[in-house]
Amino acid sequence: MDTLVTTAPAPARTAAPAALRRLYFVRFAFAAVWAALLFATADTLGPLSATLLVIYPLFDVACAVVDVRSAAADGGPVRHLYLNIALSAATAVGLALAATSGIPAVLRVWGAWAVTAGLVQLVVGVARRRMGGQWAMIASGGISTLAGVSFAAQAGGADASLKTLAGYAFLGGVFFLVSALRLGRAAKGA
């Protein structure tokens, strides 16, 4: 007796891009609100601005944890995301300490984070390029690296300001928005 064996095609990997798209929309919204709040309080380094500074990398930790869970469930690479979690957690501690020393110290810590996190973002974006919607993340990683160097340079000048961090965060949010939109187009095209 012959038995007919059929195999269903493997399910398409759609969970990770959809989850990543939602995460990118959340990151954009957070960055826009955070940037507006920091810009409004950036004239002095007070308790509110210091709290905002520490919250930003902590939010990055939370987003990276969500990203790791989604990527791991879909069999995607997660090693660099763990590095991002460690960098952002260390940055939150560093910013809490730097906030007691003034704006130049904050800019140095933020600059170091922007350089290292930018490089990680660049590597993750390249690793995910086949997923679609990652060119904005690749560009964002490169720009973040350059911006980090400029923050460190600004820390040594007389024009040290937290307003540049607000602009940096907002621009980063726009890159997340672009990636979310492009991931949606890539999913429709697949």
# chains A, B, ... in the order shown; residues from 1 in each chain; ligands from 1
$ residues_around --residues "Phe170 (chain A)" --least-positions-apart "6" --cutoff "6 Å" --atoms "only C-alpha atoms" --output "list of chain:residue names"
A:Ala31, A:Ala32, A:Ala35
$ write_last_selection --atoms "N, CA, C and O atoms" --output "short mmCIF file (atom, residue, chain, number, x, y, z; two decimals), in the first residue's frame"
data_model
loop_
_atom_site.label_atom_id
_atom_site.label_comp_id
_atom_site.auth_asym_id
_atom_site.auth_seq_id
_atom_site.Cartn_x
_atom_site.Cartn_y
_atom_site.Cartn_z
N ALA A 31 11.45 58.46 21.20
CA ALA A 31 12.53 59.41 20.89
C ALA A 31 11.97 60.82 20.65
O ALA A 31 12.56 61.81 21.10
N ALA A 32 10.84 60.91 19.97
CA ALA A 32 10.25 62.22 19.70
C ALA A 32 9.82 62.91 20.99
O ALA A 32 10.12 64.09 21.21
N ALA A 35 12.99 63.71 23.17
CA ALA A 35 13.75 64.84 22.63
C ALA A 35 13.07 66.16 22.95
O ALA A 35 13.73 67.13 23.33
#
$ residues_around --residues "Pro57 (chain A)" --least-positions-apart "3" --cutoff "10 Å" --atoms "only C-alpha atoms" --output "PDB file with N, CA, C and O atoms, in the first residue's frame"
ATOM      1  N   LEU A  52      15.950  62.388  32.644  1.00  0.00           N
ATOM      2  CA  LEU A  52      15.726  62.082  31.230  1.00  0.00           C
ATOM      3  C   LEU A  52      16.958  61.430  30.602  1.00  0.00           C
ATOM      4  O   LEU A  52      16.837  60.486  29.814  1.00  0.00           O
ATOM      5  N   LEU A  53      18.122  61.944  30.950  1.00  0.00           N
ATOM      6  CA  LEU A  53      19.360  61.392  30.390  1.00  0.00           C
ATOM      7  C   LEU A  53      19.544  59.919  30.767  1.00  0.00           C
ATOM      8  O   LEU A  53      19.986  59.119  29.952  1.00  0.00           O
ATOM      9  N   VAL A  54      19.216  59.570  31.979  1.00  0.00           N
ATOM     10  CA  VAL A  54      19.374  58.184  32.435  1.00  0.00           C
ATOM     11  C   VAL A  54      18.277  57.292  31.842  1.00  0.00           C
ATOM     12  O   VAL A  54      18.524  56.125  31.502  1.00  0.00           O
ATOM     13  N   ASP A  60      16.560  52.033  25.953  1.00  0.00           N
ATOM     14  CA  ASP A  60      17.295  51.276  24.939  1.00  0.00           C
ATOM     15  C   ASP A  60      17.527  49.839  25.401  1.00  0.00           C
ATOM     16  O   ASP A  60      17.416  48.906  24.610  1.00  0.00           O
ATOM     17  N   VAL A  61      17.832  49.663  26.675  1.00  0.00           N
ATOM     18  CA  VAL A  61      17.995  48.307  27.237  1.00  0.00           C
ATOM     19  C   VAL A  61      16.698  47.528  27.067  1.00  0.00           C
ATOM     20  O   VAL A  61      16.699  46.380  26.592  1.00  0.00           O
ATOM     21  N   ALA A  62      15.591  48.132  27.448  1.00  0.00           N
ATOM     22  CA  ALA A  62      14.298  47.449  27.353  1.00  0.00           C
ATOM     23  C   ALA A  62      13.980  47.074  25.904  1.00  0.00           C
ATOM     24  O   ALA A  62      13.523  45.955  25.628  1.00  0.00           O
ATOM     25  N   CYS A  63      14.248  47.981  24.989  1.00  0.00           N
ATOM     26  CA  CYS A  63      13.993  47.697  23.576  1.00  0.00           C
ATOM     27  C   CYS A  63      14.893  46.581  23.064  1.00  0.00           C
ATOM     28  O   CYS A  63      14.449  45.718  22.291  1.00  0.00           O
ATOM     29  N   ASN A  84      24.703  45.371  22.972  1.00  0.00           N
ATOM     30  CA  ASN A  84      23.983  46.633  23.083  1.00  0.00           C
ATOM     31  C   ASN A  84      23.338  46.784  24.456  1.00  0.00           C
ATOM     32  O   ASN A  84      23.347  47.873  25.044  1.00  0.00           O
ATOM     33  N   ILE A  85      22.777  45.711  24.988  1.00  0.00           N
ATOM     34  CA  ILE A  85      22.175  45.758  26.321  1.00  0.00           C
ATOM     35  C   ILE A  85      23.221  46.144  27.364  1.00  0.00           C
ATOM     36  O   ILE A  85      22.985  47.013  28.214  1.00  0.00           O
ATOM     37  N   LEU A  87      26.119  47.716  26.877  1.00  0.00           N
ATOM     38  CA  LEU A  87      26.575  49.094  26.658  1.00  0.00           C
ATOM     39  C   LEU A  87      25.566  50.112  27.193  1.00  0.00           C
ATOM     40  O   LEU A  87      25.939  51.087  27.846  1.00  0.00           O
ATOM     41  N   SER A  88      24.300  49.881  26.909  1.00  0.00           N
ATOM     42  CA  SER A  88      23.272  50.832  27.349  1.00  0.00           C
ATOM     43  C   SER A  88      23.105  50.832  28.862  1.00  0.00           C
ATOM     44  O   SER A  88      22.920  51.893  29.465  1.00  0.00           O
ATOM     45  N   ALA A  89      23.192  49.667  29.482  1.00  0.00           N
ATOM     46  CA  ALA A  89      23.100  49.616  30.946  1.00  0.00           C
ATOM     47  C   ALA A  89      24.278  50.348  31.590  1.00  0.00           C
ATOM     48  O   ALA A  89      24.096  51.122  32.542  1.00  0.00           O
ATOM     49  N   ALA A  90      25.464  50.122  31.061  1.00  0.00           N
ATOM     50  CA  ALA A  90      26.647  50.824  31.585  1.00  0.00           C
ATOM     51  C   ALA A  90      26.529  52.328  31.355  1.00  0.00           C
ATOM     52  O   ALA A  90      26.937  53.128  32.207  1.00  0.00           O
ATOM     53  N   THR A  91      25.950  52.711  30.230  1.00  0.00           N
ATOM     54  CA  THR A  91      25.777  54.133  29.936  1.00  0.00           C
ATOM     55  C   THR A  91      24.816  54.790  30.915  1.00  0.00           C
ATOM     56  O   THR A  91      25.043  55.923  31.351  1.00  0.00           O
ATOM     57  N   ALA A  92      23.748  54.094  31.279  1.00  0.00           N
ATOM     58  CA  ALA A  92      22.806  54.657  32.250  1.00  0.00           C
ATOM     59  C   ALA A  92      23.514  54.963  33.563  1.00  0.00           C
ATOM     60  O   ALA A  92      23.340  56.045  34.144  1.00  0.00           O
ATOM     61  N   VAL A  93      24.350  54.047  34.012  1.00  0.00           N
ATOM     62  CA  VAL A  93      25.117  54.265  35.241  1.00  0.00           C
ATOM     63  C   VAL A  93      26.102  55.418  35.037  1.00  0.00           C
ATOM     64  O   VAL A  93      26.217  56.314  35.891  1.00  0.00           O
ATOM     65  N   LEU A  95      25.916  57.919  32.953  1.00  0.00           N
ATOM     66  CA  LEU A  95      25.224  59.203  32.872  1.00  0.00           C
ATOM     67  C   LEU A  95      24.751  59.678  34.239  1.00  0.00           C
ATOM     68  O   LEU A  95      24.797  60.873  34.532  1.00  0.00           O
ATOM     69  N   TRP A 110      27.866  60.288  26.846  1.00  0.00           N
ATOM     70  CA  TRP A 110      26.917  60.082  25.756  1.00  0.00           C
ATOM     71  C   TRP A 110      27.669  59.868  24.441  1.00  0.00           C
ATOM     72  O   TRP A 110      27.280  59.027  23.620  1.00  0.00           O
ATOM     73  N   TRP A 113      28.989  56.386  24.268  1.00  0.00           N
ATOM     74  CA  TRP A 113      27.876  55.476  23.996  1.00  0.00           C
ATOM     75  C   TRP A 113      27.442  55.560  22.537  1.00  0.00           C
ATOM     76  O   TRP A 113      27.192  54.541  21.882  1.00  0.00           O
TER      77      TRP A 113
END
$ closest_residue --among "A:Leu81, A:Val66, A:Ile103, A:Ala153" --to "Leu119 (chain A)" --atoms "only C-alpha atoms"
A:Leu81
$ select_by_dssp --residues "region 54-103 of chain A" --states "alpha helix (DSSP H)" --output "ChimeraX atom specification"
/A:54-73,79-98,103
$ decode --residues "region 77-91 of chain A" --atoms "N, CA and C atoms" --output "PDB file, in the first residue's frame"
ATOM      1  N   PRO A  77      20.078  36.429  14.558  1.00  0.00           N
ATOM      2  CA  PRO A  77      21.275  36.696  15.365  1.00  0.00           C
ATOM      3  C   PRO A  77      20.956  37.598  16.553  1.00  0.00           C
ATOM      4  N   VAL A  78      21.524  37.270  17.702  1.00  0.00           N
ATOM      5  CA  VAL A  78      21.261  38.060  18.907  1.00  0.00           C
ATOM      6  C   VAL A  78      22.526  38.493  19.645  1.00  0.00           C
ATOM      7  N   ARG A  79      23.664  37.962  19.249  1.00  0.00           N
ATOM      8  CA  ARG A  79      24.904  38.232  19.990  1.00  0.00           C
ATOM      9  C   ARG A  79      25.176  39.727  20.129  1.00  0.00           C
ATOM     10  N   HIS A  80      25.049  40.472  19.047  1.00  0.00           N
ATOM     11  CA  HIS A  80      25.334  41.903  19.114  1.00  0.00           C
ATOM     12  C   HIS A  80      24.280  42.661  19.919  1.00  0.00           C
ATOM     13  N   LEU A  81      23.079  42.128  19.960  1.00  0.00           N
ATOM     14  CA  LEU A  81      22.039  42.765  20.765  1.00  0.00           C
ATOM     15  C   LEU A  81      22.372  42.674  22.250  1.00  0.00           C
ATOM     16  N   TYR A  82      22.966  41.570  22.669  1.00  0.00           N
ATOM     17  CA  TYR A  82      23.399  41.449  24.062  1.00  0.00           C
ATOM     18  C   TYR A  82      24.486  42.484  24.377  1.00  0.00           C
ATOM     19  N   LEU A  83      25.363  42.718  23.425  1.00  0.00           N
ATOM     20  CA  LEU A  83      26.384  43.747  23.604  1.00  0.00           C
ATOM     21  C   LEU A  83      25.726  45.115  23.769  1.00  0.00           C
ATOM     22  N   ASN A  84      24.703  45.371  22.972  1.00  0.00           N
ATOM     23  CA  ASN A  84      23.983  46.633  23.083  1.00  0.00           C
ATOM     24  C   ASN A  84      23.338  46.784  24.456  1.00  0.00           C
ATOM     25  N   ILE A  85      22.777  45.711  24.988  1.00  0.00           N
ATOM     26  CA  ILE A  85      22.175  45.758  26.321  1.00  0.00           C
ATOM     27  C   ILE A  85      23.221  46.144  27.364  1.00  0.00           C
ATOM     28  N   ALA A  86      24.381  45.516  27.288  1.00  0.00           N
ATOM     29  CA  ALA A  86      25.451  45.812  28.253  1.00  0.00           C
ATOM     30  C   ALA A  86      25.928  47.256  28.111  1.00  0.00           C
ATOM     31  N   LEU A  87      26.119  47.716  26.877  1.00  0.00           N
ATOM     32  CA  LEU A  87      26.575  49.094  26.658  1.00  0.00           C
ATOM     33  C   LEU A  87      25.566  50.112  27.193  1.00  0.00           C
ATOM     34  N   SER A  88      24.300  49.881  26.909  1.00  0.00           N
ATOM     35  CA  SER A  88      23.272  50.832  27.349  1.00  0.00           C
ATOM     36  C   SER A  88      23.105  50.832  28.862  1.00  0.00           C
ATOM     37  N   ALA A  89      23.192  49.667  29.482  1.00  0.00           N
ATOM     38  CA  ALA A  89      23.100  49.616  30.946  1.00  0.00           C
ATOM     39  C   ALA A  89      24.278  50.348  31.590  1.00  0.00           C
ATOM     40  N   ALA A  90      25.464  50.122  31.061  1.00  0.00           N
ATOM     41  CA  ALA A  90      26.647  50.824  31.585  1.00  0.00           C
ATOM     42  C   ALA A  90      26.529  52.328  31.355  1.00  0.00           C
ATOM     43  N   THR A  91      25.950  52.711  30.230  1.00  0.00           N
ATOM     44  CA  THR A  91      25.777  54.133  29.936  1.00  0.00           C
ATOM     45  C   THR A  91      24.816  54.790  30.915  1.00  0.00           C
TER      46      THR A  91
END
